[in-house]
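> Provided herewith is a single structure, encoded as structure tokens, for subsequent inquiry.
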Amino acid sequence: DLPLLGTDPGKVHGQHYDIVLNGVELGGGSIRVHDPAVQSYIFKDILELSPQVQDSFSHLVTALGHGCPPHGGIALGLDRLVAILTDSASLRDVIAFPKSANGRDLFMRAPAVATKEQLAEYGICVATPGNGSCKQPTIFTPDSAHQDK
């Protein structure tokens with residue numbers, strides 16, 4: 001379908017695959033784009049990414065230009081297989097750290113607001129309308145991070 005990419009990209013088929021057990025998808029994957037010219041065309045002309053966004057992927061396109069063979073992957077859902085094997089009614093019954101219905105991790109208390117100390121440790125400054133722009137963050141080195149304060 002590659003010739004359709006320039007004229008009717010909506011009709012281009014991909015090489016995708018799934019592994020299914022008893023009607024439950026356990027995983028899936030696909031063959032990846034491995035031609036740098038095709039990947040660049042998709043970024044620029046199909047997705048219409050800005051030059052700045054395209055530049056953030058330049059390392060990928062450059063790597064593809066060094067002779068990347070066709071390749072694919074698959075992501076398996078071990079939790080789904082365990083749920084089938086244990087005849088569980090819900091994935092939450094077999095996940096070690098399940099999330100609540102609103103996406104919170106009750107064991108890790110996440111997501112949570114970072115403390116000022118945590119932000120400072122990583123040199124992060126949060127700008128809000130009330131405090132204007134951030135000043136240059138302090139850069140911590142391994143030596144300065146362990147000094148007594």
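Identifiers in this document derive from the order of the structure tokens: chains are assigned A, B, ..., residues are numbered from 1 separately in each chain, and ligands are numbered from 1 in order of occurrence.
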For Ile42 of chain A, list every protein, DNA or RNA residue within 10 Å, evaluated using only C-alpha atoms, and leave out those in the same chain fewer than 5 positions away; present the list as a ChimeraX atom specification.
/A:5-6,9,33,36-37,47-49
> Quick one: pick out all strand (DSSP E) residues within chain A from a backbone DSSP run and write them as a list of chain:residue names.
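Filtering chain A to strand (DSSP E) leaves A:His16, A:Tyr17, A:Asp18, A:Ile19, A:Val20, A:Leu21, A:Val24, A:Glu25, A:Leu26, A:Gly27, A:Gly28, A:Gly29, A:Ser30, A:Ile31, A:Gly72, A:Gly73, A:Ile74, A:Ala75, A:Leu76.
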> Separation of atom CA of Asp93 of chain A and atom CA of Gly73 of chain A, in Å?
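Computed distance, atom CA of Asp93 of chain A to atom CA of Gly73 of chain A, equals 27.5 Å.
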> Give me, as a PyMOL selection string, all polymer residues having an atom no more than 9 Å from Leu78 of chain A, counting only C-alpha atoms and skipping those fewer than 4 positions away in the same chain.
chain A and resi 26-27+82-83
> Among segment 16-45 of chain A, which residues does DSSP mark as alpha helix (DSSP H) when it is run on the backbone? Keep the chain and numbering as in the structure and answer as a PyMOL selection string.
chain A and resi 36-41
> Rounded to one decimal in Å, what is the spacing between atom CA of Thr86 of chain A and atom CA of Phe107 of chain A?
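If I compute the distance from atom CA of Thr86 of chain A to atom CA of Phe107 of chain A, I get 23.3 Å.
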> Rank A:Cys68, A:Leu2, A:Ala75, A:Leu21 by their smallest atom-to-atom distance to Tyr41 of chain A, using only C-alpha atoms, and report the top residue only.
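Looking only at the distances to Tyr41 of chain A, the closest residue turns out to be A:Leu2.
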> Got a sec: who's within 8 Å of His71 of chain A, counting only C-alpha atoms, leaving out chain neighbours fewer than 4 positions off, as number ranges by chain?
A: 31-32, 34
> Name the closest residue to Ala96 of chain A among the candidates A:Asp55, A:Asp35, A:Asp79, A:Asp8; distances are taken between atoms, counting only C-alpha atoms.
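So, comparing all the options, the nearest one is A:Asp79.
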> Pick the closest to Gly72 of chain A from A:Thr7, A:Gln52, A:Ser30, A:Ser58: which is it, counting only C-alpha atoms?
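For Gly72 of chain A, the nearest of the candidates is A:Ser30.
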